[in-house]
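**Student:** Sharing input_27.txt here; it has compact mmCIF, C-alpha atoms.
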```
# COMPACT_ATOMS: atom_id res chain seq x y z
CA MET A 1043 -19.35 33.69 -4.91
CA SER A 1044 -19.45 30.56 -2.73
CA ARG A 1045 -16.33 28.73 -1.61
CA ILE A 1046 -17.52 25.58 -3.49
CA LEU A 1047 -17.86 27.53 -6.74
CA SER A 1048 -14.42 29.02 -6.21
CA LEU A 1049 -12.94 25.56 -5.83
CA LEU A 1050 -14.73 24.36 -8.96
CA LEU A 1051 -13.29 27.28 -10.91
CA CYS A 1052 -9.84 26.43 -9.63
CA ALA A 1053 -10.27 22.84 -10.70
CA ALA A 1054 -11.48 23.91 -14.13
CA VAL A 1055 -8.33 25.91 -14.80
CA PHE A 1056 -5.95 23.58 -12.96
CA LEU A 1057 -3.60 23.14 -15.89
CA GLY A 1058 -3.29 26.90 -16.24
CA GLY A 1059 -3.05 27.64 -12.54
CA CYS A 1060 -5.74 28.57 -10.02
CA VAL A 1061 -6.73 32.22 -10.29
CA SER A 1062 -8.01 34.25 -7.35
CA THR A 1063 -11.72 35.12 -7.50
CA SER A 1064 -11.15 38.23 -5.38
CA THR A 1065 -10.47 41.60 -6.97
CA PRO A 1066 -6.90 42.81 -6.39
CA ILE A 1067 -6.55 46.15 -4.68
CA PRO A 1068 -5.89 48.98 -7.18
CA PRO A 1069 -2.10 48.99 -7.76
CA ASP A 1070 -1.93 52.77 -7.33
CA SER A 1071 -3.18 52.38 -3.75
CA LEU A 1072 -0.37 50.02 -2.79
CA THR A 1073 2.17 52.11 -4.66
CA GLY A 1074 0.89 55.13 -2.74
CA PHE A 1075 1.37 53.28 0.55
CA ARG A 1076 4.91 52.28 -0.43
CA ASP A 1077 5.74 55.81 -1.61
CA ALA A 1078 4.43 57.21 1.68
CA MET A 1079 6.95 54.98 3.46
CA VAL A 1080 9.73 56.40 1.29
CA GLU A 1081 8.69 59.96 2.18
CA LEU A 1082 8.44 59.04 5.86
CA ASP A 1083 12.02 57.79 5.70
CA LYS A 1084 13.16 61.07 4.15
CA GLY A 1085 11.31 63.12 6.76
CA SER A 1086 12.69 61.21 9.73
CA LYS A 1087 16.24 61.55 8.42
CA LEU A 1088 15.81 65.30 8.00
CA ALA A 1089 14.35 65.68 11.49
CA LEU A 1090 17.08 63.70 13.24
CA THR A 1091 19.82 65.33 11.18
CA ALA A 1092 18.55 68.73 12.33
CA GLU A 1093 18.61 67.51 15.93
CA TYR A 1094 22.13 66.14 15.45
CA ASP A 1095 23.37 69.44 14.03
CA TRP A 1096 21.79 71.37 16.89
CA THR A 1097 23.26 69.10 19.53
CA TYR A 1098 26.67 69.15 17.88
CA GLN A 1099 26.65 72.96 17.88
CA ASN A 1100 25.73 72.98 21.56
CA TYR A 1101 28.46 70.44 22.32
CA ARG A 1102 31.03 72.70 20.65
CA GLU A 1103 29.84 75.64 22.75
CA GLN A 1104 30.16 73.59 25.91
CA ILE A 1105 33.72 72.63 24.99
CA LYS A 1106 34.63 76.29 24.38
CA ALA A 1107 33.30 77.21 27.81
CA SER A 1108 35.01 74.32 29.62
CA GLU A 1109 38.07 75.09 31.69
CA GLU A 1110 39.28 71.50 31.60
CA VAL A 1111 39.06 69.32 28.49
CA ASP A 1112 40.09 65.67 28.23
CA ALA A 1113 41.33 64.98 24.69
CA ARG A 1114 40.20 61.35 24.95
CA ALA A 1115 36.62 62.61 24.61
CA PHE A 1116 37.34 63.43 20.95
CA MET A 1117 39.18 60.26 19.92
CA LEU A 1118 37.74 57.79 17.45
CA CYS A 1119 36.90 54.41 18.92
CA PRO A 1120 36.45 51.12 17.03
CA SER A 1121 32.96 49.62 17.04
CA ASP A 1122 31.78 46.03 16.68
CA ASP A 1123 31.66 46.59 12.91
CA MET A 1124 35.24 46.69 11.63
CA TYR A 1125 34.28 49.32 9.02
CA THR A 1126 32.60 51.69 11.47
CA TRP A 1127 33.99 54.05 14.10
CA ASN A 1128 32.40 55.96 16.94
CA TRP A 1129 33.92 58.92 18.69
CA GLY A 1130 33.98 60.16 22.24
CA ALA A 1131 34.87 58.52 25.56
CA CYS A 1132 36.41 55.28 24.19
CA GLU A 1133 35.25 53.72 27.45
CA ALA A 1134 37.78 55.85 29.32
CA GLU A 1135 37.08 55.98 33.05
CA GLY A 1136 35.03 59.00 34.08
CA LEU A 1137 34.09 59.99 30.51
CA GLU A 1138 30.69 59.63 28.91
CA PRO A 1139 30.06 59.57 25.14
CA PRO A 1140 28.54 62.83 23.86
CA LEU A 1141 24.79 63.00 23.29
CA ILE A 1142 25.34 63.32 19.55
CA ASN A 1143 26.46 59.66 19.53
CA ASP A 1144 23.02 58.66 20.82
CA ILE A 1145 21.28 60.82 18.22
CA ALA A 1146 23.38 59.35 15.41
CA ALA A 1147 22.52 55.86 16.66
CA THR A 1148 18.80 56.73 16.77
CA ARG A 1149 18.97 58.02 13.20
CA GLU A 1150 20.56 54.75 12.08
CA MET A 1151 18.03 52.65 13.98
CA LEU A 1152 15.11 54.58 12.53
CA GLY A 1153 16.60 54.17 9.06
CA GLN A 1154 16.47 50.39 9.55
CA LEU A 1155 12.86 50.60 10.68
CA ASN A 1156 11.87 52.70 7.68
CA ARG A 1157 13.69 50.32 5.35
CA LEU A 1158 11.52 47.52 6.70
CA PHE A 1159 8.34 49.46 5.89
CA ILE A 1160 9.63 50.32 2.40
CA ASP A 1161 10.56 46.69 1.72
CA TYR A 1162 7.15 45.59 2.98
CA GLY A 1163 5.46 48.16 0.73
CA ASN A 1164 7.38 46.77 -2.24
CA PHE A 1165 6.36 43.27 -1.22
CA LEU A 1166 2.66 44.25 -1.18
CA VAL A 1167 2.89 45.84 -4.63
CA GLN A 1168 4.48 42.72 -6.09
CA PHE A 1169 2.31 40.30 -4.14
CA ASN A 1170 -0.89 41.99 -5.33
CA ALA A 1171 -0.05 41.26 -8.97
CA ALA A 1172 1.96 38.06 -8.45
CA ASN A 1173 1.63 34.96 -10.58
CA GLU A 1174 3.74 31.90 -11.25
CA ASN A 1175 5.97 33.89 -13.62
CA THR A 1176 6.84 36.51 -10.97
CA GLN A 1177 7.14 34.25 -7.95
CA SER A 1178 10.95 34.20 -7.93
CA SER A 1179 11.08 38.01 -7.85
CA LEU A 1180 8.50 38.02 -5.06
CA GLU A 1181 10.55 35.50 -3.09
CA ALA A 1182 13.60 37.78 -3.33
CA THR A 1183 11.58 40.73 -2.02
CA ALA A 1184 10.16 38.61 0.81
CA GLU A 1185 13.72 37.64 1.72
CA LYS A 1186 14.65 41.35 1.95
CA VAL A 1187 11.72 41.94 4.31
CA GLY A 1188 12.84 39.00 6.42
CA ASN A 1189 16.37 40.38 6.63
CA SER A 1190 14.98 43.78 7.66
CA VAL A 1191 12.92 42.14 10.39
CA GLN A 1192 15.99 40.37 11.77
CA SER A 1193 17.94 43.63 11.68
CA ILE A 1194 15.18 45.36 13.65
CA GLY A 1195 15.13 42.54 16.17
CA ASN A 1196 18.88 42.78 16.72
CA THR A 1197 18.98 46.59 16.89
CA PHE A 1198 15.90 47.27 19.00
CA GLY A 1199 15.86 44.03 20.97
CA GLN A 1200 12.37 43.47 19.56
CA ASP A 1201 10.41 40.31 20.32
CA LEU A 1202 10.13 38.55 16.95
CA SER A 1203 7.56 35.94 17.97
CA ARG A 1204 4.46 35.53 15.82
CA ASP A 1205 2.30 36.66 18.75
CA LYS A 1206 4.05 40.04 18.66
CA ILE A 1207 4.70 40.71 14.97
CA GLY A 1208 2.34 38.38 13.14
CA ALA A 1209 3.39 37.07 9.72
CA PHE A 1210 6.57 39.16 9.82
CA ALA A 1211 7.92 36.48 12.16
CA ASN A 1212 8.41 33.95 9.37
CA ILE A 1213 8.44 36.01 6.19
CA GLY A 1214 10.92 34.78 3.59
CA ALA A 1215 11.25 33.01 0.26
CA ALA A 1216 10.20 29.63 1.64
CA ILE A 1217 6.69 30.73 2.60
CA VAL A 1218 5.75 32.80 -0.46
CA GLY A 1219 4.16 29.81 -2.19
CA GLN A 1220 1.86 29.23 0.80
CA TRP A 1221 0.79 32.88 0.84
CA LEU A 1222 0.08 32.87 -2.89
CA ALA A 1223 -2.14 29.84 -2.36
CA LYS A 1224 -3.86 31.59 0.54
CA LYS A 1225 -4.41 34.71 -1.59
CA GLN A 1226 -5.96 32.56 -4.32
CA ARG A 1227 -8.13 30.77 -1.80
CA ASP A 1228 -9.12 33.51 0.67
CA GLY A 1229 -8.13 36.80 -0.96
CA MET A 1230 -5.32 39.26 -0.36
CA ALA A 1231 -7.06 40.96 2.55
CA ASP A 1232 -6.70 37.80 4.63
CA VAL A 1233 -2.98 37.65 3.92
CA MET A 1234 -2.45 41.32 4.79
CA GLN A 1235 -4.40 40.88 8.03
CA GLU A 1236 -1.71 38.49 9.23
CA PHE A 1237 0.82 41.36 9.02
CA GLN A 1238 -1.28 43.89 10.97
CA ALA A 1239 0.17 43.01 14.39
CA GLY A 1240 3.68 43.53 13.08
CA VAL A 1241 2.81 46.88 11.50
CA GLU A 1242 1.46 48.00 14.88
CA ALA A 1243 4.53 46.77 16.80
CA PHE A 1244 7.06 48.30 14.41
CA SER A 1245 5.15 51.58 14.18
CA ALA A 1246 5.34 51.85 17.97
CA LEU A 1247 9.14 51.73 17.71
CA GLY A 1248 8.95 54.71 15.37
CA TYR A 1249 6.85 57.01 17.53
CA GLN A 1250 8.74 55.99 20.67
CA ALA A 1251 11.96 57.06 18.92
CA MET A 1252 10.33 60.40 18.13
CA GLU A 1253 9.33 60.85 21.77
CA ASN A 1254 12.93 60.22 22.84
CA SER A 1255 14.15 62.71 20.25
CA ALA A 1256 11.68 65.31 21.53
CA PHE A 1257 13.07 64.88 25.05
CA GLY A 1258 16.53 65.48 23.60
CA ILE A 1259 15.38 68.71 21.92
CA GLN A 1260 13.82 69.90 25.18
CA ASP A 1261 17.01 69.17 27.12
CA GLU A 1262 19.11 71.03 24.56
CA TYR A 1263 16.74 73.98 24.70
CA GLN A 1264 16.92 74.15 28.49
CA THR A 1265 20.72 74.07 28.42
CA GLN A 1266 21.10 76.76 25.78
CA SER A 1267 18.28 79.02 26.98
CA GLU A 1268 19.63 79.11 30.55
CA VAL A 1269 23.05 80.17 29.26
CA LEU A 1270 21.49 82.95 27.18
CA ALA A 1271 19.18 84.03 30.03
CA ASN A 1272 22.19 84.44 32.32
CA LYS A 1273 24.02 86.45 29.67
CA ILE A 1274 21.02 88.75 29.25
CA LYS A 1275 20.80 89.26 33.01
CA ASP A 1276 24.51 89.95 33.48
CA GLU A 1277 25.18 92.03 30.36
CA ALA A 1278 25.45 95.76 31.05
CA ASP A 1279 25.93 96.85 27.45
CA GLY A 1280 22.54 97.44 25.81
CA ALA A 1281 23.58 96.44 22.29
CA ARG A 1282 25.18 93.18 23.42
CA ARG A 1283 22.20 92.44 25.66
CA PHE A 1284 19.86 92.89 22.71
CA GLY A 1285 22.08 90.54 20.68
CA HIS A 1286 21.62 87.83 23.35
CA ILE A 1287 17.86 88.44 23.29
CA GLU A 1288 17.83 87.94 19.52
CA GLN A 1289 19.75 84.70 19.99
CA LEU A 1290 17.16 83.50 22.51
CA LEU A 1291 14.27 84.37 20.19
CA GLU A 1292 15.99 82.48 17.37
CA LEU A 1293 16.50 79.54 19.73
CA ASN A 1294 12.80 79.60 20.62
CA GLU A 1295 11.83 79.44 16.95
CA LYS A 1296 14.23 76.59 16.28
CA ALA A 1297 12.92 74.60 19.27
CA ILE A 1298 9.26 75.10 18.29
CA THR A 1299 9.90 74.16 14.67
CA SER A 1300 11.91 71.08 15.63
CA LEU A 1301 9.27 69.84 18.05
CA ASP A 1302 6.52 70.47 15.50
CA ARG A 1303 8.41 68.40 12.95
CA LEU A 1304 9.02 65.58 15.42
CA GLY A 1305 5.35 65.75 16.42
CA SER A 1306 4.34 65.27 12.78
CA LEU A 1307 6.66 62.27 12.51
CA ASP A 1308 5.18 60.87 15.72
CA ALA A 1309 1.69 61.30 14.27
CA ALA A 1310 2.73 59.65 11.00
CA TYR A 1311 4.03 56.54 12.76
CA ARG A 1312 0.87 56.41 14.87
CA ALA A 1313 -1.27 56.68 11.71
CA LEU A 1314 0.58 53.90 9.92
CA PRO A 1315 -1.32 50.92 11.45
CA GLY A 1316 -4.62 52.61 10.61
CA ALA A 1317 -3.51 53.17 7.02
CA HIS A 1318 -2.55 49.51 6.70
CA LEU A 1319 -5.88 48.45 8.16
CA GLU A 1320 -7.63 50.81 5.74
CA LEU A 1321 -6.00 48.96 2.84
CA ILE A 1322 -7.36 45.69 4.22
CA MET A 1323 -10.88 47.09 4.72
CA ALA A 1324 -10.88 48.61 1.23
CA LEU A 1325 -10.08 45.19 -0.20
CA GLU A 1326 -12.89 43.56 1.74
CA GLU A 1327 -15.39 46.26 0.76
CA GLY A 1328 -14.31 46.58 -2.86
CA ARG A 1329 -13.39 50.27 -2.76
CA SER A 1330 -10.33 52.49 -3.06
CA PRO A 1331 -8.56 53.10 0.29
CA GLY A 1332 -8.14 56.50 1.84
CA LEU A 1333 -4.61 57.22 3.05
CA GLY A 1334 -5.18 60.92 3.61
CA GLU A 1335 -4.28 61.01 7.32
CA LEU A 1336 -0.93 59.29 6.87
CA VAL A 1337 -0.02 61.25 3.74
CA GLY A 1338 -1.12 64.50 5.39
CA HIS A 1339 1.26 64.04 8.33
CA ILE A 1340 4.13 63.22 5.99
CA GLU A 1341 3.44 66.28 3.82
CA THR A 1342 3.47 68.41 6.98
CA ILE A 1343 6.96 67.10 7.79
CA SER A 1344 8.28 68.03 4.36
CA ALA A 1345 6.66 71.47 4.47
CA ALA A 1346 8.16 72.19 7.90
CA TYR A 1347 11.63 71.26 6.73
CA GLN A 1348 11.36 73.38 3.58
CA THR A 1349 10.23 76.35 5.66
CA ILE A 1350 13.14 76.15 8.08
CA SER A 1351 15.60 75.65 5.19
CA GLU A 1352 14.52 78.79 3.32
```
Would you mind writing the structure in this file as structure tokens?

**Tutor:**
Amino acid sequence: MSRILSLLLCAAVFLGGCVSTSTPIPPDSLTGFRDAMVELDKGSKLALTAEYDWTYQNYREQIKASEEVDARAFMLCPSDDMYTWNWGACEAEGLEPPLINDIAATREMLGQLNRLFIDYGNFLVQFNAANENTQSSLEATAEKVGNSVQSIGNTFGQDLSRDKIGAFANIGAAIVGQWLAKKQRDGMADVMQEFQAGVEAFSALGYQAMENSAFGIQDEYQTQSEVLANKIKDEADGARRFGHIEQLLELNEKAITSLDRLGSLDAAYRALPGAHLELIMALEEGRSPGLGELVGHIETISAAYQTISE
């Protein structure tokens, strides 16, 4: 349909509101994208919680083996948020916060990132079916996305310019009316395309966090495996030596499983921009989108966690 004919149709129904001549994407597709973000959030929390538990266990073992312990390392310390406390070091001279503090912070940061994707998924679902009667609800959702973007910028030190994150840079209630007009004029695919740069930038924060977590797992493995290897070498009693060997084999399995799970999360974040682009292309081509790659990685994460929990 030509642009002129579209404008004539808009004029003809002016009193009732201009209606988009483009076909909305099937709602189930956008709901599926949003639900995938929810599952990704669950998977990342499980993965980082497992890493936290592992590191905490190792930290306890190190304390048991230490000849000198400074009690200040275990004291609670106030944070910038008056309702939140950290523990370890308290900026005491010569003391460093334990690694588990960093892991806990990463888990919190990734939770903020996932919340942004979930809020954006909700925004797409509402925006796809929006009309003048639902605009106020859509504006509230857009405001949530905007707040999530600001939170990410503050936490990660992310560049929030439009060149870096596209339409995420100015998302909020004030601009919803302009986007609705653009959707009516140009179609939803054009609106979503403006968010692609931001999806790519925020996804990169996700897989970079997974890479950092994988380095942490590898460091913990090296520390624990060297201790066990020395025990195996020095132990004269056969039964106790075999017990240390069993511990090392169990450690190997835990390390492999943890890295596999983090690798699946890494792959999921890397697949996210492609899944978003697939939604856009499906709109332009008038077909249902395929989100199999993204969903497949997320299902692998859940399966890995269930296996290690059994």

**Student:** So how far away is atom CA of A:Glu1320 from atom CA of A:Val1218, in Å?

**Tutor:**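 Pair atom CA of A:Val1218 / atom CA of A:Glu1320 returns 23.3 Å.
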
**Student:** Which distance in Å separates atom CA of A:Leu1307 and atom CA of A:Ala1146, to one decimal?

**Tutor:**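 Distance between the two atoms: 17.2 Å.
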
**Student:** Go ahead and compute the interatomic distance for atom CA of A:Gly1199 and atom CA of A:Ala1092, in Å to one decimal.

**Tutor:**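 Separating atom CA of A:Gly1199 from atom CA of A:Ala1092 is a distance of 26.3 Å.
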
**Student:** Of the residues A:Asp1201, A:Ile1259, A:His1318, A:Ala1251, which is the one nearest to A:Ala1147, using only C-alpha atoms?

**Tutor:**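 Between A:Asp1201, A:Ile1259, A:His1318, A:Ala1251, the residue approaching A:Ala1147 most closely is A:Ala1251.
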
**Student:** Using only C-alpha atoms, find each residue of stretch 1160-1222 of chain A with at least one atom at most 8 Å away from an atom of stretch 1075-1089 of chain A; report its shortest atom-to-atom pair and that distance in Å (one decimal), sort the rows by chain and rising residue number, and return the result as a Markdown table.

**Tutor:**
```
| residue | atom | partner | partner_atom | distance |
| --- | --- | --- | --- | --- |
| A:Ile1160 | CA | A:Met1079 | CA | 5.5 |
| A:Tyr1162 | CA | A:Arg1076 | CA | 7.8 |
| A:Gly1163 | CA | A:Arg1076 | CA | 4.3 |
| A:Asn1164 | CA | A:Arg1076 | CA | 6.3 |
| A:Val1167 | CA | A:Arg1076 | CA | 7.9 |
```

**Student:** Restricting the calculation to only C-alpha atoms: of A:Val1269, A:Ala1231, A:Ile1194, A:Ala1278, which residue gets closest to A:Ala1243?

**Tutor:** A:Ile1194
